[in-house]
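Shown here: structure28.tsv, TSV, C-alpha atoms and all ligand atoms.
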```tsv
chain	number	residue	atom	x	y	z
I	1	MET	CA	68.37	64.93	85.07
I	2	PRO	CA	69.38	61.61	86.67
I	3	THR	CA	68.52	62.64	90.21
I	4	THR	CA	64.85	63.40	90.64
I	5	THR	CA	62.39	63.33	93.46
I	6	SER	CA	59.24	61.33	93.83
I	7	SER	CA	56.84	62.98	96.28
I	8	ASP	CA	59.87	64.83	97.53
I	9	PHE	CA	61.89	61.63	97.98
I	10	ALA	CA	65.28	61.45	96.24
I	11	VAL	CA	65.65	58.98	93.37
I	12	PHE	CA	69.23	58.26	92.28
I	13	ASP	CA	69.76	56.70	88.85
I	14	LEU	CA	72.67	54.29	89.37
I	15	ALA	CA	73.11	53.41	85.68
I	16	ALA	CA	73.29	57.10	84.76
I	17	PHE	CA	75.91	57.65	87.47
I	18	GLU	CA	78.00	54.72	86.25
I	19	ALA	CA	77.87	55.99	82.68
I	20	ALA	CA	78.73	59.58	83.63
I	21	THR	CA	82.25	60.96	83.42
I	22	GLY	CA	84.14	64.06	84.48
I	23	GLU	CA	82.28	66.93	86.09
I	24	ALA	CA	78.85	65.32	85.57
I	25	ARG	CA	79.94	62.29	87.58
I	26	LYS	CA	81.43	64.42	90.34
I	27	SER	CA	78.25	66.41	90.58
I	28	LEU	CA	76.15	63.22	90.96
I	29	ALA	CA	78.56	61.96	93.63
I	30	ARG	CA	78.09	65.23	95.51
I	31	GLU	CA	74.34	64.83	95.22
I	32	LEU	CA	74.58	61.34	96.72
I	33	ASP	CA	76.70	62.70	99.56
I	34	ARG	CA	74.10	65.38	100.22
I	35	ILE	CA	71.25	62.84	100.40
I	36	CYS	CA	73.23	60.56	102.70
I	37	ARG	CA	74.03	63.47	105.00
I	38	GLU	CA	70.44	64.72	105.12
I	39	THR	CA	68.15	61.72	105.40
I	40	GLY	CA	70.19	58.59	104.63
I	41	PHE	CA	67.18	57.34	102.64
I	42	LEU	CA	66.88	57.36	98.85
I	43	ALA	CA	65.46	55.34	96.00
I	44	ILE	CA	67.76	53.70	93.44
I	45	SER	CA	66.59	53.42	89.84
I	46	GLY	CA	68.74	52.21	86.96
I	47	HIS	CA	69.61	49.18	89.11
I	48	GLY	CA	69.45	46.61	86.30
I	49	VAL	CA	67.88	43.86	88.39
I	50	PRO	CA	65.68	41.88	85.98
I	51	PRO	CA	61.95	42.43	86.70
I	52	ASP	CA	61.27	38.69	86.71
I	53	VAL	CA	63.84	38.14	89.50
I	54	ILE	CA	61.93	40.67	91.60
I	55	ALA	CA	58.43	39.47	90.67
I	56	ASN	CA	59.36	35.85	91.19
I	57	LEU	CA	60.57	36.31	94.76
I	58	SER	CA	57.60	38.54	95.65
I	59	THR	CA	55.20	35.87	94.44
I	60	LYS	CA	57.02	32.98	96.16
I	61	ALA	CA	57.29	34.90	99.42
I	62	ARG	CA	53.56	35.66	99.34
I	63	ALA	CA	52.80	32.00	98.68
I	64	PHE	CA	55.05	31.01	101.60
I	65	PHE	CA	53.29	33.37	104.01
I	66	ASP	CA	49.94	31.98	102.81
I	67	LEU	CA	50.86	28.48	104.03
I	68	PRO	CA	49.28	27.21	107.25
I	69	PRO	CA	51.21	28.26	110.39
I	70	GLU	CA	52.24	24.69	111.22
I	71	VAL	CA	53.86	24.28	107.80
I	72	LYS	CA	55.73	27.59	108.09
I	73	HIS	CA	56.89	26.65	111.59
I	74	ARG	CA	58.66	23.62	110.22
I	75	ALA	CA	61.25	26.12	108.97
I	76	ALA	CA	61.57	27.69	112.44
I	77	PRO	CA	65.03	28.20	113.98
I	78	PRO	CA	66.23	25.32	116.20
I	79	TYR	CA	66.68	27.66	119.20
I	80	ALA	CA	65.99	31.29	120.15
I	81	GLY	CA	68.73	33.53	118.81
I	82	TYR	CA	69.44	31.38	115.75
I	83	PRO	CA	69.55	33.95	112.95
I	84	TYR	CA	67.79	32.16	110.10
I	85	GLY	CA	64.51	30.48	109.27
I	86	TYR	CA	60.89	31.39	109.85
I	87	LEU	CA	60.02	33.69	112.74
I	88	GLY	CA	56.32	33.71	113.51
I	89	PRO	CA	54.37	36.60	115.04
I	90	GLY	CA	55.37	37.76	118.49
I	91	VAL	CA	59.08	36.95	118.57
I	92	GLU	CA	60.87	40.15	117.62
I	93	ALA	CA	60.76	43.78	118.70
I	94	LEU	CA	63.15	45.93	116.69
I	95	ALA	CA	62.87	48.83	119.15
I	96	LYS	CA	64.74	46.65	121.66
I	97	SER	CA	67.89	46.96	119.55
I	98	ARG	CA	68.00	50.53	120.89
I	99	GLY	CA	67.26	49.51	124.45
I	100	VAL	CA	63.59	50.59	124.20
I	101	ASP	CA	61.20	48.09	125.77
I	102	SER	CA	58.26	47.43	123.48
I	103	PRO	CA	55.59	44.87	122.63
I	104	PRO	CA	56.49	42.54	119.75
I	105	ASP	CA	56.31	43.82	116.18
I	106	LEU	CA	53.16	42.80	114.27
I	107	LYS	CA	54.91	40.73	111.66
I	108	GLU	CA	56.31	37.39	110.60
I	109	SER	CA	59.47	36.87	108.59
I	110	PHE	CA	61.60	34.39	106.73
I	111	ASN	CA	65.34	34.98	107.06
I	112	ALA	CA	68.41	33.59	105.37
I	113	GLY	CA	72.10	34.45	105.19
I	114	PRO	CA	75.04	33.90	102.85
I	115	LEU	CA	74.52	31.21	100.23
I	116	SER	CA	77.86	29.56	101.02
I	117	THR	CA	80.64	29.58	103.63
I	118	PRO	CA	83.98	30.95	102.42
I	119	PRO	CA	86.71	28.31	102.33
I	120	GLY	CA	89.13	28.72	105.23
I	121	MET	CA	86.58	30.35	107.56
I	122	THR	CA	87.41	29.01	111.04
I	123	ASP	CA	86.02	31.66	113.41
I	124	ALA	CA	83.65	29.77	115.72
I	125	ASP	CA	81.24	32.69	116.17
I	126	ALA	CA	81.13	33.32	112.42
I	127	LEU	CA	80.41	29.66	111.74
I	128	SER	CA	77.70	29.36	114.37
I	129	PHE	CA	76.07	32.71	113.58
I	130	CYS	CA	76.38	34.29	110.11
I	131	PHE	CA	77.39	31.09	108.39
I	132	ALA	CA	74.88	28.94	110.26
I	133	ASP	CA	72.86	26.76	107.88
I	134	ASN	CA	69.91	28.35	106.15
I	135	ILE	CA	66.63	26.60	106.90
I	136	TRP	CA	64.64	26.37	103.69
I	137	PRO	CA	60.87	26.02	103.82
I	138	GLU	CA	59.12	22.98	102.35
I	139	GLY	CA	57.18	25.16	99.98
I	140	PRO	CA	56.16	26.72	97.75
I	141	GLU	CA	57.98	24.98	94.96
I	142	GLY	CA	60.71	27.18	93.49
I	143	PHE	CA	61.08	29.30	96.64
I	144	ARG	CA	64.79	28.58	97.14
I	145	PRO	CA	65.96	29.31	93.56
I	146	ALA	CA	63.85	32.50	93.51
I	147	TRP	CA	65.43	33.54	96.83
I	148	GLU	CA	68.95	32.76	95.68
I	149	ALA	CA	68.57	34.61	92.37
I	150	TYR	CA	67.32	37.71	94.18
I	151	PHE	CA	69.96	37.45	96.94
I	152	THR	CA	72.72	37.22	94.30
I	153	ALA	CA	71.30	40.23	92.43
I	154	MET	CA	71.20	42.22	95.71
I	155	THR	CA	74.82	41.30	96.52
I	156	ASP	CA	75.92	42.65	93.13
I	157	LEU	CA	73.75	45.74	93.42
I	158	ALA	CA	75.06	46.51	96.92
I	159	ARG	CA	78.65	46.34	95.66
I	160	ARG	CA	77.79	48.84	92.90
I	161	ILE	CA	76.11	51.16	95.39
I	162	MET	CA	79.14	50.93	97.69
I	163	ARG	CA	81.29	52.07	94.76
I	164	ALA	CA	79.06	55.08	94.22
I	165	PHE	CA	79.24	55.71	97.99
I	166	ALA	CA	83.04	55.60	97.83
I	167	GLU	CA	83.01	58.33	95.19
I	168	ALA	CA	80.48	60.32	97.18
I	169	LEU	CA	82.99	60.24	100.06
I	170	ASN	CA	85.84	61.32	97.77
I	171	LEU	CA	87.46	57.90	98.04
I	172	GLU	CA	88.82	55.76	95.27
I	173	THR	CA	85.92	53.95	93.52
I	174	HIS	CA	86.94	50.49	94.74
I	175	PHE	CA	87.78	51.54	98.30
I	176	PHE	CA	85.16	49.29	99.93
I	177	ASP	CA	85.74	46.27	97.67
I	178	ALA	CA	88.43	44.86	99.99
I	179	CYS	CA	85.92	44.33	102.79
I	180	LEU	CA	83.25	42.87	100.51
I	181	GLU	CA	84.94	39.65	99.48
I	182	ASN	CA	82.63	37.39	101.48
I	183	PRO	CA	79.92	39.69	102.78
I	184	ILE	CA	77.80	38.37	105.63
I	185	SER	CA	74.63	40.00	104.33
I	186	ALA	CA	71.26	38.59	105.29
I	187	MET	CA	67.86	38.90	103.72
I	188	ARG	CA	64.38	38.76	105.14
I	189	ALA	CA	60.98	38.54	103.60
I	190	LEU	CA	58.53	40.34	105.86
I	191	ASN	CA	54.81	39.89	106.08
I	192	TYR	CA	52.71	42.24	108.15
I	193	PRO	CA	49.45	40.32	108.35
I	194	GLU	CA	46.08	41.89	107.78
I	195	LEU	CA	44.65	43.26	111.01
I	196	ASP	CA	41.00	43.18	112.00
I	197	ARG	CA	41.30	46.26	114.20
I	198	ALA	CA	43.85	48.92	115.06
I	199	PRO	CA	46.45	47.51	117.47
I	200	PRO	CA	46.99	48.95	120.95
I	201	GLU	CA	48.87	52.24	121.17
I	202	GLY	CA	52.61	51.61	121.00
I	203	GLN	CA	52.45	48.33	119.09
I	204	LEU	CA	53.81	48.85	115.59
I	205	ARG	CA	54.43	46.69	112.56
I	206	ALA	CA	58.14	47.37	113.03
I	207	GLY	CA	59.32	49.42	116.00
I	208	ALA	CA	61.66	52.38	115.49
I	209	HIS	CA	65.20	51.21	114.79
I	210	THR	CA	68.27	51.84	112.71
I	211	ASP	CA	69.70	49.08	110.53
I	212	TYR	CA	72.99	47.61	111.65
I	213	GLY	CA	75.03	47.13	108.49
I	214	SER	CA	76.39	49.22	105.67
I	215	LEU	CA	73.19	49.63	103.69
I	216	THR	CA	69.75	48.08	103.31
I	217	ILE	CA	67.97	47.51	100.01
I	218	LEU	CA	64.22	47.44	100.56
I	219	LEU	CA	61.49	46.30	98.24
I	220	PRO	CA	58.15	47.32	99.73
I	221	ASP	CA	55.00	46.09	97.97
I	222	ALA	CA	53.81	48.48	95.29
I	223	GLY	CA	51.33	50.92	96.82
I	224	SER	CA	52.05	49.83	100.40
I	225	ARG	CA	51.92	52.29	103.24
I	226	GLY	CA	53.44	52.78	106.64
I	227	LEU	CA	57.23	53.02	106.24
I	228	GLU	CA	58.37	56.18	108.00
I	229	ILE	CA	61.72	57.83	108.64
I	230	MET	CA	62.78	60.40	111.18
I	231	THR	CA	63.69	63.61	109.36
I	232	PRO	CA	66.59	65.84	110.40
I	233	GLU	CA	63.91	68.15	111.85
I	234	GLY	CA	62.78	65.38	114.19
I	235	ALA	CA	59.42	64.54	112.55
I	236	TRP	CA	58.22	61.20	111.16
I	237	ARG	CA	57.79	61.23	107.40
I	238	GLU	CA	56.27	58.52	105.23
I	239	ILE	CA	58.46	56.99	102.51
I	240	PRO	CA	56.37	55.79	99.57
I	241	PRO	CA	57.43	52.83	97.42
I	242	VAL	CA	58.82	54.12	94.09
I	243	ASP	CA	57.82	52.22	90.94
I	244	GLY	CA	60.76	50.38	89.39
I	245	ALA	CA	63.17	51.46	92.13
I	246	PHE	CA	64.50	50.05	95.38
I	247	VAL	CA	64.43	52.00	98.61
I	248	ILE	CA	67.91	52.25	100.10
I	249	ASN	CA	68.94	53.29	103.57
I	250	ILE	CA	72.24	53.74	105.30
I	251	GLY	CA	72.99	51.51	108.28
I	252	ASP	CA	75.02	52.01	111.48
I	253	LEU	CA	78.31	50.88	109.96
I	254	MET	CA	78.16	53.61	107.32
I	255	ALA	CA	77.53	56.17	110.09
I	256	ARG	CA	80.54	54.81	112.04
I	257	TRP	CA	82.74	54.79	108.95
I	258	THR	CA	81.84	58.41	108.20
I	259	ASN	CA	81.93	59.66	111.80
I	260	ASP	CA	78.21	60.53	111.49
I	261	ARG	CA	78.69	62.59	108.35
I	262	TRP	CA	76.09	60.17	106.98
I	263	VAL	CA	73.00	59.29	108.99
I	264	SER	CA	71.85	55.84	109.94
I	265	THR	CA	68.25	56.92	109.82
I	266	LEU	CA	65.74	55.94	112.45
I	267	HIS	CA	62.78	54.28	110.73
I	268	ARG	CA	59.70	52.22	111.55
I	269	VAL	CA	56.61	50.68	109.99
I	270	VAL	CA	53.35	52.05	111.41
I	271	ASN	CA	49.74	51.10	110.98
I	272	VAL	CA	48.30	53.99	109.04
I	273	SER	CA	44.60	54.60	109.63
I	274	PRO	CA	42.16	51.90	108.52
I	275	GLU	CA	40.66	54.35	105.98
I	276	GLN	CA	44.11	54.65	104.39
I	277	GLY	CA	44.58	50.91	104.17
I	278	GLY	CA	46.41	50.60	107.48
I	279	LEU	CA	44.86	47.23	108.31
I	280	ASN	CA	45.81	45.71	104.97
I	281	ARG	CA	48.47	43.09	104.67
I	282	ARG	CA	51.89	44.45	103.73
I	283	GLN	CA	54.88	42.59	102.35
I	284	SER	CA	58.45	43.73	101.91
I	285	ILE	CA	61.83	42.18	101.17
I	286	ALA	CA	64.82	43.64	103.01
I	287	PHE	CA	68.42	42.89	102.06
I	288	PHE	CA	70.85	43.87	104.82
I	289	HIS	CA	74.26	44.38	103.32
I	290	GLN	CA	77.07	43.63	105.76
I	291	PRO	CA	80.84	43.64	105.11
I	292	ASP	CA	83.03	40.56	105.63
I	293	TRP	CA	83.07	39.07	109.14
I	294	HIS	CA	86.62	40.25	109.88
I	295	ALA	CA	86.31	43.66	108.19
I	296	GLU	CA	87.35	46.43	110.54
I	297	ILE	CA	85.07	49.45	110.40
I	298	ALA	CA	87.26	52.35	111.47
I	299	THR	CA	86.40	56.01	110.97
I	300	LEU	CA	87.59	57.36	107.63
I	301	PRO	CA	90.26	59.97	108.33
I	302	SER	CA	88.71	62.25	105.70
I	303	CYS	CA	85.52	62.42	107.81
I	304	VAL	CA	87.28	63.73	110.91
I	305	GLY	CA	87.99	67.46	111.03
I	306	ALA	CA	91.51	68.74	111.70
I	307	GLY	CA	92.27	68.59	115.42
I	308	GLU	CA	89.13	66.54	116.14
I	309	GLU	CA	88.79	63.00	117.45
I	310	GLY	CA	86.62	60.38	115.73
I	311	LYS	CA	83.43	59.56	117.70
I	312	TYR	CA	83.60	55.81	117.35
I	313	GLU	CA	86.01	53.04	118.29
I	314	PRO	CA	86.72	50.65	115.43
I	315	VAL	CA	84.48	47.55	115.38
I	316	LEU	CA	84.59	44.28	113.52
I	317	SER	CA	81.65	43.79	111.20
I	318	GLY	CA	80.62	40.28	112.31
I	319	PRO	CA	80.85	40.56	116.12
I	320	TYR	CA	79.15	43.97	115.97
I	321	LEU	CA	76.22	42.53	114.02
I	322	MET	CA	75.92	39.55	116.36
I	323	GLY	CA	75.72	41.83	119.41
I	324	LYS	CA	72.97	43.97	117.87
I	325	PHE	CA	70.92	41.04	116.63
I	326	ARG	CA	70.82	39.25	119.96
I	327	LYS	CA	69.11	42.21	121.65
I	328	THR	CA	65.98	42.06	119.49
I	329	VAL	CA	64.82	38.52	120.25
I	330	MET	CA	61.95	38.43	122.75
G	401	LIG	O1	59.09	46.48	105.96
G	401	LIG	C1	59.74	47.49	105.71
G	401	LIG	O2	59.46	48.21	104.75
G	401	LIG	C2	60.92	47.89	106.57
G	401	LIG	C3	61.42	46.81	107.48
G	401	LIG	C4	62.65	47.22	108.23
G	401	LIG	O3	62.98	48.38	108.35
G	401	LIG	C5	63.54	46.18	108.80
G	401	LIG	O4	63.13	45.01	108.89
G	401	LIG	O5	64.69	46.53	109.16
G	402	FE	FE	65.04	48.55	109.02
```

Using the file provided, produce a representation of the structure as structure tokens.
Ligand SMILES: O=C(O)CCC(=O)C(=O)O
Ligand SMILES: [Fe+2]
Amino acid sequence: MPTTTSSDFAVFDLAAFEAATGEARKSLARELDRICRETGFLAISGHGVPPDVIANLSTKARAFFDLPPEVKHRAAPPYAGYPYGYLGPGVEALAKSRGVDSPPDLKESFNAGPLSTPPGMTDADALSFCFADNIWPEGPEGFRPAWEAYFTAMTDLARRIMRAFAEALNLETHFFDACLENPISAMRALNYPELDRAPPEGQLRAGAHTDYGSLTILLPDAGSRGLEIMTPEGAWREIPPVDGAFVINIGDLMARWTNDRWVSTLHRVVNVSPEQGGLNRRQSIAFFHQPDWHAEIATLPSCVGAGEEGKYEPVLSGPYLMGKFRKTVM
């Protein structure tokens, strides 16, 4: 049975789906559609990403966060609103992306975007935002190759997931490929530092937000706590890391594409109680998959009922992302 649950959390075996044919494949696609309609969160196993690519980046990211603050800050962005580089504590509040005022998230992050700029790209906003230079840290040694290997693996994995998504939406397998020629995905390593006491009410590790792109591939530390999603019933529910799998969630663009058939799930990272390890350090790697800068995200006709209007105006992937991002900087 390729689709199983782990503590009631759906695990989708991508390799089993890709190998399936006929009715078995259709049934798995329907299962994927069901998950994306209900919670928009699932785990992906059978992803084929080599374990050493994953372990290597986890180790290098940890070593980076262990460097003294002044060394990390040498990789800081040149000005507020620059999308890449090291962001220290106190500079971002994800809840603000939804217009909710909130204290800064209790985290630090290292961020980087596409590994190269597509030839012929002339859009000034694209060049100064998504294709702005990455700012690599001085250390630890081997950080950049570890990052690039993982980023490349995530780009490939996201394309495979988008193909499964296409089938789940009854589209031709390669439907989304045309807008994934030069994706403007970004990746962040997140460190939620150890706390010496519970933070004030209302200050979270990551405030409640939805992700902006097509899908996010998360790698929370094994055994880590605190990631929660809003269920269709309106309650917060913890999402545990799943051994050997990535945690995937749908972003806003997928909700727009599908006219809200699929949910861009509200999620957050809380400080669970100190007895449950809530003060412990937590690390995660988040890959935010985002279609090409110029890709138009217009509601799929098959997701609009007869005689109904789509809920969303078409948007362009890049400008939409830029608008969302700029709201979260303190
Ligand atoms: O750290 C995590 O597990 C989730 C982080 C997150 O949701 C985000 O940065 O968008
Ligand atoms: Fe998120």

Counting all atoms listed in the file, which residues come within 8 Å of (61.3, 48.6, 95.1), with the point read in the file's coordinates, and could you list them as a list in words?
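Residues close enough to count: Ala43, Leu218, Leu219, Pro220, Asp221, Ala222, Pro241, Val242, Asp243, Gly244, Ala245, Phe246 and Val247 of chain I.
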
Considering all atoms listed in the file, state which residue in the set I:Asn56, I:Ser97, I:Thr210, I:Thr299 is at the smallest distance from ligand LIG 401 (chain G).
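Closest residue, counting all atoms listed in the file: I:Thr210.
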
Quick one: which chain I residues come within 12 Å of ligand FE 402 (chain G), and what is the nearest atom pair for each with the distance in Å to one decimal, counting all atoms listed in the file, rows ordered by chain and ascending number, as JSON lines?
```
{"residue": "I:Phe41", "atom": "CA", "partner": "G:FE402", "partner_atom": "FE", "distance": 11.1}
{"residue": "I:Ala93", "atom": "CA", "partner": "G:FE402", "partner_atom": "FE", "distance": 11.6}
{"residue": "I:Leu94", "atom": "CA", "partner": "G:FE402", "partner_atom": "FE", "distance": 8.3}
{"residue": "I:Ala95", "atom": "CA", "partner": "G:FE402", "partner_atom": "FE", "distance": 10.4}
{"residue": "I:Ser97", "atom": "CA", "partner": "G:FE402", "partner_atom": "FE", "distance": 11.0}
{"residue": "I:Met187", "atom": "CA", "partner": "G:FE402", "partner_atom": "FE", "distance": 11.4}
{"residue": "I:Arg188", "atom": "CA", "partner": "G:FE402", "partner_atom": "FE", "distance": 10.6}
{"residue": "I:Leu190", "atom": "CA", "partner": "G:FE402", "partner_atom": "FE", "distance": 10.9}
{"residue": "I:Arg205", "atom": "CA", "partner": "G:FE402", "partner_atom": "FE", "distance": 11.3}
{"residue": "I:Ala206", "atom": "CA", "partner": "G:FE402", "partner_atom": "FE", "distance": 8.1}
{"residue": "I:Gly207", "atom": "CA", "partner": "G:FE402", "partner_atom": "FE", "distance": 9.1}
{"residue": "I:Ala208", "atom": "CA", "partner": "G:FE402", "partner_atom": "FE", "distance": 8.2}
{"residue": "I:His209", "atom": "CA", "partner": "G:FE402", "partner_atom": "FE", "distance": 6.4}
{"residue": "I:Thr210", "atom": "CA", "partner": "G:FE402", "partner_atom": "FE", "distance": 5.9}
{"residue": "I:Asp211", "atom": "CA", "partner": "G:FE402", "partner_atom": "FE", "distance": 4.9}
{"residue": "I:Tyr212", "atom": "CA", "partner": "G:FE402", "partner_atom": "FE", "distance": 8.4}
{"residue": "I:Gly213", "atom": "CA", "partner": "G:FE402", "partner_atom": "FE", "distance": 10.1}
{"residue": "I:Ser214", "atom": "CA", "partner": "G:FE402", "partner_atom": "FE", "distance": 11.9}
{"residue": "I:Leu215", "atom": "CA", "partner": "G:FE402", "partner_atom": "FE", "distance": 9.8}
{"residue": "I:Thr216", "atom": "CA", "partner": "G:FE402", "partner_atom": "FE", "distance": 7.4}
{"residue": "I:Ile217", "atom": "CA", "partner": "G:FE402", "partner_atom": "FE", "distance": 9.5}
{"residue": "I:Leu218", "atom": "CA", "partner": "G:FE402", "partner_atom": "FE", "distance": 8.6}
{"residue": "I:Leu219", "atom": "CA", "partner": "G:FE402", "partner_atom": "FE", "distance": 11.6}
{"residue": "I:Pro220", "atom": "CA", "partner": "G:FE402", "partner_atom": "FE", "distance": 11.6}
{"residue": "I:Leu227", "atom": "CA", "partner": "G:FE402", "partner_atom": "FE", "distance": 9.4}
{"residue": "I:Glu228", "atom": "CA", "partner": "G:FE402", "partner_atom": "FE", "distance": 10.2}
{"residue": "I:Ile229", "atom": "CA", "partner": "G:FE402", "partner_atom": "FE", "distance": 9.9}
{"residue": "I:Val247", "atom": "CA", "partner": "G:FE402", "partner_atom": "FE", "distance": 11.0}
{"residue": "I:Ile248", "atom": "CA", "partner": "G:FE402", "partner_atom": "FE", "distance": 10.1}
{"residue": "I:Asn249", "atom": "CA", "partner": "G:FE402", "partner_atom": "FE", "distance": 8.2}
{"residue": "I:Ile250", "atom": "CA", "partner": "G:FE402", "partner_atom": "FE", "distance": 9.6}
{"residue": "I:Gly251", "atom": "CA", "partner": "G:FE402", "partner_atom": "FE", "distance": 8.5}
{"residue": "I:Asp252", "atom": "CA", "partner": "G:FE402", "partner_atom": "FE", "distance": 10.8}
{"residue": "I:Ser264", "atom": "CA", "partner": "G:FE402", "partner_atom": "FE", "distance": 10.0}
{"residue": "I:Thr265", "atom": "CA", "partner": "G:FE402", "partner_atom": "FE", "distance": 9.0}
{"residue": "I:Leu266", "atom": "CA", "partner": "G:FE402", "partner_atom": "FE", "distance": 8.2}
{"residue": "I:His267", "atom": "CA", "partner": "G:FE402", "partner_atom": "FE", "distance": 6.4}
{"residue": "I:Arg268", "atom": "CA", "partner": "G:FE402", "partner_atom": "FE", "distance": 7.0}
{"residue": "I:Val269", "atom": "CA", "partner": "G:FE402", "partner_atom": "FE", "distance": 8.7}
{"residue": "I:Ser284", "atom": "CA", "partner": "G:FE402", "partner_atom": "FE", "distance": 10.8}
{"residue": "I:Ile285", "atom": "CA", "partner": "G:FE402", "partner_atom": "FE", "distance": 10.6}
{"residue": "I:Ala286", "atom": "CA", "partner": "G:FE402", "partner_atom": "FE", "distance": 7.8}
{"residue": "I:Phe287", "atom": "CA", "partner": "G:FE402", "partner_atom": "FE", "distance": 9.6}
{"residue": "I:Phe288", "atom": "CA", "partner": "G:FE402", "partner_atom": "FE", "distance": 8.6}
{"residue": "I:His289", "atom": "CA", "partner": "G:FE402", "partner_atom": "FE", "distance": 11.6}
```

Serialized selection, C-alpha atoms, as a PDB file, in the frame of the given file:
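File again38.pdb, as written:
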```pdb
ATOM      1  CA  PHE I  41      67.180  57.340 102.640  1.00  0.00           C
ATOM      2  CA  ALA I  93      60.760  43.780 118.700  1.00  0.00           C
ATOM      3  CA  LEU I  94      63.150  45.930 116.690  1.00  0.00           C
ATOM      4  CA  ALA I  95      62.870  48.830 119.150  1.00  0.00           C
ATOM      5  CA  SER I  97      67.890  46.960 119.550  1.00  0.00           C
ATOM      6  CA  MET I 187      67.860  38.900 103.720  1.00  0.00           C
ATOM      7  CA  ARG I 188      64.380  38.760 105.140  1.00  0.00           C
ATOM      8  CA  LEU I 190      58.530  40.340 105.860  1.00  0.00           C
ATOM      9  CA  ARG I 205      54.430  46.690 112.560  1.00  0.00           C
ATOM     10  CA  ALA I 206      58.140  47.370 113.030  1.00  0.00           C
ATOM     11  CA  GLY I 207      59.320  49.420 116.000  1.00  0.00           C
ATOM     12  CA  ALA I 208      61.660  52.380 115.490  1.00  0.00           C
ATOM     13  CA  HIS I 209      65.200  51.210 114.790  1.00  0.00           C
ATOM     14  CA  THR I 210      68.270  51.840 112.710  1.00  0.00           C
ATOM     15  CA  ASP I 211      69.700  49.080 110.530  1.00  0.00           C
ATOM     16  CA  TYR I 212      72.990  47.610 111.650  1.00  0.00           C
ATOM     17  CA  GLY I 213      75.030  47.130 108.490  1.00  0.00           C
ATOM     18  CA  SER I 214      76.390  49.220 105.670  1.00  0.00           C
ATOM     19  CA  LEU I 215      73.190  49.630 103.690  1.00  0.00           C
ATOM     20  CA  THR I 216      69.750  48.080 103.310  1.00  0.00           C
ATOM     21  CA  ILE I 217      67.970  47.510 100.010  1.00  0.00           C
ATOM     22  CA  LEU I 218      64.220  47.440 100.560  1.00  0.00           C
ATOM     23  CA  LEU I 219      61.490  46.300  98.240  1.00  0.00           C
ATOM     24  CA  PRO I 220      58.150  47.320  99.730  1.00  0.00           C
ATOM     25  CA  LEU I 227      57.230  53.020 106.240  1.00  0.00           C
ATOM     26  CA  GLU I 228      58.370  56.180 108.000  1.00  0.00           C
ATOM     27  CA  ILE I 229      61.720  57.830 108.640  1.00  0.00           C
ATOM     28  CA  VAL I 247      64.430  52.000  98.610  1.00  0.00           C
ATOM     29  CA  ILE I 248      67.910  52.250 100.100  1.00  0.00           C
ATOM     30  CA  ASN I 249      68.940  53.290 103.570  1.00  0.00           C
ATOM     31  CA  ILE I 250      72.240  53.740 105.300  1.00  0.00           C
ATOM     32  CA  GLY I 251      72.990  51.510 108.280  1.00  0.00           C
ATOM     33  CA  ASP I 252      75.020  52.010 111.480  1.00  0.00           C
ATOM     34  CA  SER I 264      71.850  55.840 109.940  1.00  0.00           C
ATOM     35  CA  THR I 265      68.250  56.920 109.820  1.00  0.00           C
ATOM     36  CA  LEU I 266      65.740  55.940 112.450  1.00  0.00           C
ATOM     37  CA  HIS I 267      62.780  54.280 110.730  1.00  0.00           C
ATOM     38  CA  ARG I 268      59.700  52.220 111.550  1.00  0.00           C
ATOM     39  CA  VAL I 269      56.610  50.680 109.990  1.00  0.00           C
ATOM     40  CA  SER I 284      58.450  43.730 101.910  1.00  0.00           C
ATOM     41  CA  ILE I 285      61.830  42.180 101.170  1.00  0.00           C
ATOM     42  CA  ALA I 286      64.820  43.640 103.010  1.00  0.00           C
ATOM     43  CA  PHE I 287      68.420  42.890 102.060  1.00  0.00           C
ATOM     44  CA  PHE I 288      70.850  43.870 104.820  1.00  0.00           C
ATOM     45  CA  HIS I 289      74.260  44.380 103.320  1.00  0.00           C
TER      46      HIS I 289
END
```

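One finds atom CA of I:Ala168 at 5.1 Å from atom CA of I:Asp33.
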
Enclose ligand LIG 401 (chain G), meaning all of its atoms listed in the file, in a box aligned along x, y and z, pad it by 3 Å on each side, and list the centre and edge lengths in Å to one decimal, as AutoDock Vina command-line options.
```
--center_x 61.9 --center_y 46.7 --center_z 107.0 --size_x 11.6 --size_y 9.4 --size_z 10.4
```

If I take atom CA of I:Ala146 and atom CA of I:Val53, how far is one from the other in Å, to one decimal?
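Value for the atom CA of I:Ala146-atom CA of I:Val53 distance: 6.9 Å.
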
Pick from I:Cys130, I:Ala166, I:Leu157, I:Leu316: nearest to I:Leu115, with all atoms listed in the file counted?
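Comparing I:Cys130, I:Ala166, I:Leu157, I:Leu316 against I:Leu115, the winner is I:Cys130.
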
Do you know which residues are at most 12 Å from stretch 10-16 of chain I counting only C-alpha atoms, after dropping those on the same chain fewer than 3 positions away, and could you put them as a PyMOL selection string?
chain I and resi 1-7+19-21+24-25+28-36+38-49+157-165+239-249

Long-range neighbours of I:Glu296 as an MDAnalysis selection string, 12 Å cut-off, all atoms listed in the file, 2 positions minimum in chain:
chainID I and resid 176 178:180 253 256:257 290:294 298:300 313:320

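The space between atom CA of I:Gly90 and atom CA of I:Leu204 spans 11.6 Å.
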
Pick from I:Gly81, I:Gly305, I:Gly223, I:Gly142 nearest to ligand LIG 401 (chain G), counting all atoms listed in the file
I:Gly223

Go through I:Pro140, I:Glu108, I:Pro301, I:Ala126 and flag the residue nearest ligand LIG 401 (chain G), using all atoms listed in the file for the distances.
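Closest to ligand LIG 401 (chain G), using all atoms listed in the file: I:Glu108.
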